[in-house]
Amino acid sequence: MTKRRQIVFSLVRGLIAIAIALLVAMLLIFISASGDSFAEKLKATGEALRQMLLGPLFRMGKNGTSFEFKRLTDILATMIPIIFTGLAVCIMFSANQFNLGAEGGVMLGAFTTAMIAIYVPMAAFIHPLVAVIGGGVAVAIMMLLPALLKTKLNVSEMVCSLMLNYIIMYLIKFLMNAYLADKTKGQIQSYEFLETSKIAPLIDNGSKLSWGFAVAIVVVVLCGLFMYRTRWGYAIRMIGINQEFSRYSGMKVASVIVLSQVIGGFLAGIGGGIEMLGRYSTFSWKSLPGYGWTGITIAILAGRNPCYVPLAAFFMAYLAKGCELMATYANVPSQLIDIIQGVIFLFFAAEQFLSRYRQKLVVKSAQEELARKNAAESQEGGAVHA
């Protein structure tokens with residue numbers, strides 16, 4: 001299949017999966033909508049869908065619909081951590097490593113960054129940089145555990161990283177409860193971050209959009225260049241396609257597997273750190289934040305290509321904001337976003353979904369290639385005869 005047709009197939013497959021997920025959502029909204037008659041339920045469903053699809057960017061009132069810039073910045077702020085987890089999962093999945101540790105990695109990165117922001121005084125510009133990198137390094141070291149167990153003992157990285165998420169969560173909760181919490185507060189939270197450690201807002205309009213968004217876009221570009229313009233990125237992708245062939249061709253498979261998971265952990269860690277310093281003033285997470293699970297959906301939507309991660313992250317952030325507004329104004333459970341994510345994941349993970357359409361594109365590409373080859377041979381034969 002040509003590259004153009006491959007892109008078309010991926011787009012069509014993605015759009016159909018999203019459309020099916022929205023249809024399922026619409027059915028569930030209709031079932032849960034308030035009203036006794038069919039007409040009342042239909043009206044409530046229409047209002048809920050309007051809030052979900054238009055509400056994230058537009059304020060809808062009696063005087064009409066108006067664009068809300070702050071809502072856009074809120075969506076962009078929501079994108080920051082899930083861009084990083086999406087990139088982390090992209091790189092690990094590209095090496096055919098189904099590491100699910102980005103979820104715990106975000107929490108560990110945020111916690112480590114918070115501790116540096118509280119207890120290690122530095123200059124204003126250096127402090128957030130060192131704190132965020134410290135969070136990334138902590139998670140990169142954490143990711144060595146499932147990576148080395150995979151390469152040395154062939155332990156499933158999926159099971160190992162999944163269990164590691166909960167070990168990290170409960171370890172952080174223990175440290176907060178026993179040693180690090182500010183006892184003067186009415187809840188379990190850390191002391192205030194030093195002012196020098198905070199990441200400044202990108203736009204001062206009351207939203208939580210920080211300069212972390214600019215950093216996220218720069219990291220997307222760097223990850224794209226790494227995956228498609230360096231030999232390490234090429235090795236990661238080749239091992240993901242065919243590990244045995246890569247081994248026989250002389251690639252250091254074990255080293256590349258470890259590299260992919262360490263880089264993924266570092267990205268998840270700095271994502272958690274930037275989110276913490278850009279949005280919060282204390283560390284108060286009591287459970288896994290969910291950014292890692294969303295990152296898996298984003299990586300699948302992006303086709304494991306880092307360049308498409310911002311688009312997928314915008315879609316997921318937009319949908320999350322829409323479901324939040326829908327729950328507020330239309331009395332529909334906000335957990336609907338989890339159902340939509342699950343349906344999208346289901347259809348993207350199904351290898352046979354639209355397989356006939358893909359087969360037709362492959363056959364058509366082969367026929368066109370054969371026709372071009374025959375035309376070229378005929379032209380060469382005519383030239384020789386002349």
# chains A, B, ... in the order shown; residues from 1 in each chain; ligands from 1
$ closest_atom_pairs --of "segment 92-205 of chain A" --to "segment 213-236 of chain A" --cutoff "9 Å" --atoms "only C-alpha atoms" --output "Markdown table"
| residue | atom | partner | partner_atom | distance |
| --- | --- | --- | --- | --- |
| A:Met92 | CA | A:Ile236 | CA | 8.5 |
| A:Ser94 | CA | A:Ile236 | CA | 6.4 |
| A:Ala95 | CA | A:Ile236 | CA | 4.9 |
| A:Asn96 | CA | A:Ile236 | CA | 8.6 |
| A:Leu202 | CA | A:Phe213 | CA | 8.0 |
$ write_last_selection --atoms "N, CA and C atoms" --output "tab-separated table (two decimals), in the first residue's frame"
chain	number	residue	atom	x	y	z
A	92	MET	N	7.23	3.77	23.62
A	92	MET	CA	7.31	2.41	24.17
A	92	MET	C	6.54	1.42	23.29
A	94	SER	N	6.00	1.73	20.12
A	94	SER	CA	6.70	1.59	18.84
A	94	SER	C	7.74	0.48	18.88
A	95	ALA	N	8.28	0.22	20.08
A	95	ALA	CA	9.21	-0.88	20.26
A	95	ALA	C	8.50	-2.18	20.62
A	96	ASN	N	7.16	-2.19	20.46
A	96	ASN	CA	6.34	-3.35	20.79
A	96	ASN	C	6.45	-3.71	22.28
A	202	LEU	N	1.08	31.05	30.68
A	202	LEU	CA	1.34	31.49	29.32
A	202	LEU	C	0.44	32.66	28.94
$ residues_around --residues "segment 55-70 of chain A" --least-positions-apart "4" --cutoff "6 Å" --atoms "only C-alpha atoms" --output "PyMOL selection string"
chain A and resi 51+321-322
$ write_last_selection --atoms "N, CA, C and O atoms" --output "PDB file, in the first residue's frame"
ATOM      1  N   GLN A  51     -24.070  20.495  24.366  1.00  0.00           N
ATOM      2  CA  GLN A  51     -23.076  20.880  25.368  1.00  0.00           C
ATOM      3  C   GLN A  51     -21.756  20.139  25.151  1.00  0.00           C
ATOM      4  O   GLN A  51     -20.682  20.718  25.299  1.00  0.00           O
ATOM      5  N   LYS A 321     -13.742  18.000  28.323  1.00  0.00           N
ATOM      6  CA  LYS A 321     -14.398  19.255  28.696  1.00  0.00           C
ATOM      7  C   LYS A 321     -15.879  19.212  28.332  1.00  0.00           C
ATOM      8  O   LYS A 321     -16.742  19.676  29.102  1.00  0.00           O
ATOM      9  N   GLY A 322     -16.198  18.643  27.154  1.00  0.00           N
ATOM     10  CA  GLY A 322     -17.589  18.526  26.729  1.00  0.00           C
ATOM     11  C   GLY A 322     -18.399  17.660  27.673  1.00  0.00           C
ATOM     12  O   GLY A 322     -19.548  17.987  28.014  1.00  0.00           O
TER      13      GLY A 322
END
$ closest_residue --among "A:Ile257, A:Leu49, A:Cys323, A:Ile300" --to "Leu346 of chain A" --atoms "only C-alpha atoms"
A:Ile300
$ residues_around --residues "Gly269 of chain A" --least-positions-apart "5" --cutoff "8 Å" --atoms "only C-alpha atoms" --output "NGL selection string"
:A and (105-110 or 132 or 135-140)
$ residues_around --residues "segment 331-342 of chain A" --least-positions-apart "6" --cutoff "12 Å" --atoms "only C-alpha atoms" --output "count of residues only"
51
$ select_by_dssp --residues "segment 74-137 of chain A" --states "alpha helix (DSSP H)" --output "number ranges by chain"
A: 74-94, 102-119, 126-137
$ write_last_selection --atoms "C-alpha atoms" --output "JSON list (two decimals), in the first residue's frame"
[["chain", "number", "residue", "atom", "x", "y", "z"],
["A", 74, "ASP", "CA", -8.60, 25.50, 29.51],
["A", 75, "ILE", "CA", -8.57, 22.77, 26.85],
["A", 76, "LEU", "CA", -4.96, 23.59, 25.95],
["A", 77, "ALA", "CA", -4.02, 23.42, 29.65],
["A", 78, "THR", "CA", -5.66, 19.99, 29.92],
["A", 79, "MET", "CA", -3.59, 18.84, 26.97],
["A", 80, "ILE", "CA", -0.22, 19.41, 28.66],
["A", 81, "PRO", "CA", 0.17, 16.22, 30.76],
["A", 82, "ILE", "CA", -1.59, 13.95, 28.24],
["A", 83, "ILE", "CA", 0.70, 15.12, 25.44],
["A", 84, "PHE", "CA", 3.65, 13.87, 27.48],
["A", 85, "THR", "CA", 2.01, 10.56, 28.40],
["A", 86, "GLY", "CA", 0.91, 10.14, 24.77],
["A", 87, "LEU", "CA", 4.50, 10.63, 23.60],
["A", 88, "ALA", "CA", 5.77, 8.24, 26.28],
["A", 89, "VAL", "CA", 3.35, 5.51, 25.21],
["A", 90, "CYS", "CA", 4.08, 6.16, 21.50],
["A", 91, "ILE", "CA", 7.78, 5.48, 21.97],
["A", 92, "MET", "CA", 7.31, 2.41, 24.17],
["A", 93, "PHE", "CA", 4.58, 0.93, 21.96],
["A", 94, "SER", "CA", 6.70, 1.59, 18.84],
["A", 102, "ALA", "CA", 3.09, 6.09, 32.33],
["A", 103, "GLU", "CA", 0.21, 6.37, 34.81],
["A", 104, "GLY", "CA", 2.39, 5.77, 37.86],
["A", 105, "GLY", "CA", 5.21, 7.66, 36.15],
["A", 106, "VAL", "CA", 3.17, 10.85, 36.00],
["A", 107, "MET", "CA", 2.42, 10.60, 39.72],
["A", 108, "LEU", "CA", 6.03, 9.84, 40.66],
["A", 109, "GLY", "CA", 7.32, 12.63, 38.42],
["A", 110, "ALA", "CA", 4.86, 15.09, 39.97],
["A", 111, "PHE", "CA", 5.78, 13.97, 43.51],
["A", 112, "THR", "CA", 9.54, 14.16, 42.93],
["A", 113, "THR", "CA", 9.20, 17.55, 41.27],
["A", 114, "ALA", "CA", 7.07, 18.79, 44.17],
["A", 115, "MET", "CA", 9.65, 17.70, 46.75],
["A", 116, "ILE", "CA", 12.42, 19.54, 44.89],
["A", 117, "ALA", "CA", 10.13, 22.58, 44.58],
["A", 118, "ILE", "CA", 9.60, 22.58, 48.36],
["A", 119, "TYR", "CA", 12.91, 21.52, 49.90],
["A", 126, "ILE", "CA", 16.77, 27.24, 37.28],
["A", 127, "HIS", "CA", 14.43, 25.90, 39.95],
["A", 128, "PRO", "CA", 11.50, 24.67, 37.79],
["A", 129, "LEU", "CA", 13.93, 23.31, 35.18],
["A", 130, "VAL", "CA", 15.88, 21.24, 37.72],
["A", 131, "ALA", "CA", 12.70, 20.13, 39.51],
["A", 132, "VAL", "CA", 11.02, 18.91, 36.32],
["A", 133, "ILE", "CA", 14.15, 17.15, 35.05],
["A", 134, "GLY", "CA", 14.51, 15.56, 38.49],
["A", 135, "GLY", "CA", 10.99, 14.18, 38.18],
["A", 136, "GLY", "CA", 11.77, 12.83, 34.72],
["A", 137, "VAL", "CA", 14.99, 11.15, 35.89]]
$ closest_residue --among "A:Asp182, A:Ile168, A:Ser207, A:Gln97" --to "Asn154 of chain A" --atoms "only C-alpha atoms"
A:Gln97
$ atom_distance --atom1 "atom CA of Arg356 of chain A" --atom2 "atom CA of Ala302 of chain A"
21.8 Å
$ select_by_dssp --residues "segment 49-296 of chain A" --states "strand (DSSP E or B)" --output "ChimeraX atom specification"
/A:58-61,64-67,201,210
$ residues_around --residues "segment 277-284 of chain A" --least-positions-apart "3" --cutoff "8 Å" --atoms "only C-alpha atoms" --output "JSON, numbers by chain"
{"A": [110, 111, 113, 114, 128, 188, 189, 190, 191, 192, 193, 197, 198, 199, 200, 201, 208, 209, 210, 211, 212, 273, 274]}
$ write_last_selection --atoms "C-alpha atoms" --output "PDB file, in the first residue's frame"
ATOM      1  CA  ALA A 110       4.859  15.086  39.973  1.00  0.00           C
ATOM      2  CA  PHE A 111       5.776  13.968  43.506  1.00  0.00           C
ATOM      3  CA  THR A 113       9.202  17.555  41.269  1.00  0.00           C
ATOM      4  CA  ALA A 114       7.068  18.791  44.173  1.00  0.00           C
ATOM      5  CA  PRO A 128      11.503  24.667  37.793  1.00  0.00           C
ATOM      6  CA  ILE A 188      -3.310  15.492  53.331  1.00  0.00           C
ATOM      7  CA  GLN A 189      -1.176  17.852  51.261  1.00  0.00           C
ATOM      8  CA  SER A 190       2.420  18.985  51.129  1.00  0.00           C
ATOM      9  CA  TYR A 191       3.839  22.339  52.157  1.00  0.00           C
ATOM     10  CA  GLU A 192       3.629  25.225  49.668  1.00  0.00           C
ATOM     11  CA  PHE A 193       6.001  25.221  46.697  1.00  0.00           C
ATOM     12  CA  SER A 197       9.804  26.865  41.415  1.00  0.00           C
ATOM     13  CA  LYS A 198       6.453  27.749  39.859  1.00  0.00           C
ATOM     14  CA  ILE A 199       5.929  27.740  36.093  1.00  0.00           C
ATOM     15  CA  ALA A 200       4.465  31.038  34.930  1.00  0.00           C
ATOM     16  CA  PRO A 201       1.122  31.194  33.089  1.00  0.00           C
ATOM     17  CA  LYS A 208      -4.213  27.135  34.112  1.00  0.00           C
ATOM     18  CA  LEU A 209      -2.440  27.339  30.736  1.00  0.00           C
ATOM     19  CA  SER A 210       1.269  27.632  31.566  1.00  0.00           C
ATOM     20  CA  TRP A 211       4.485  27.792  29.582  1.00  0.00           C
ATOM     21  CA  GLY A 212       4.452  24.023  29.923  1.00  0.00           C
ATOM     22  CA  GLY A 273       6.353  17.676  36.894  1.00  0.00           C
ATOM     23  CA  ILE A 274       5.194  20.395  34.496  1.00  0.00           C
TER      24      ILE A 274
END
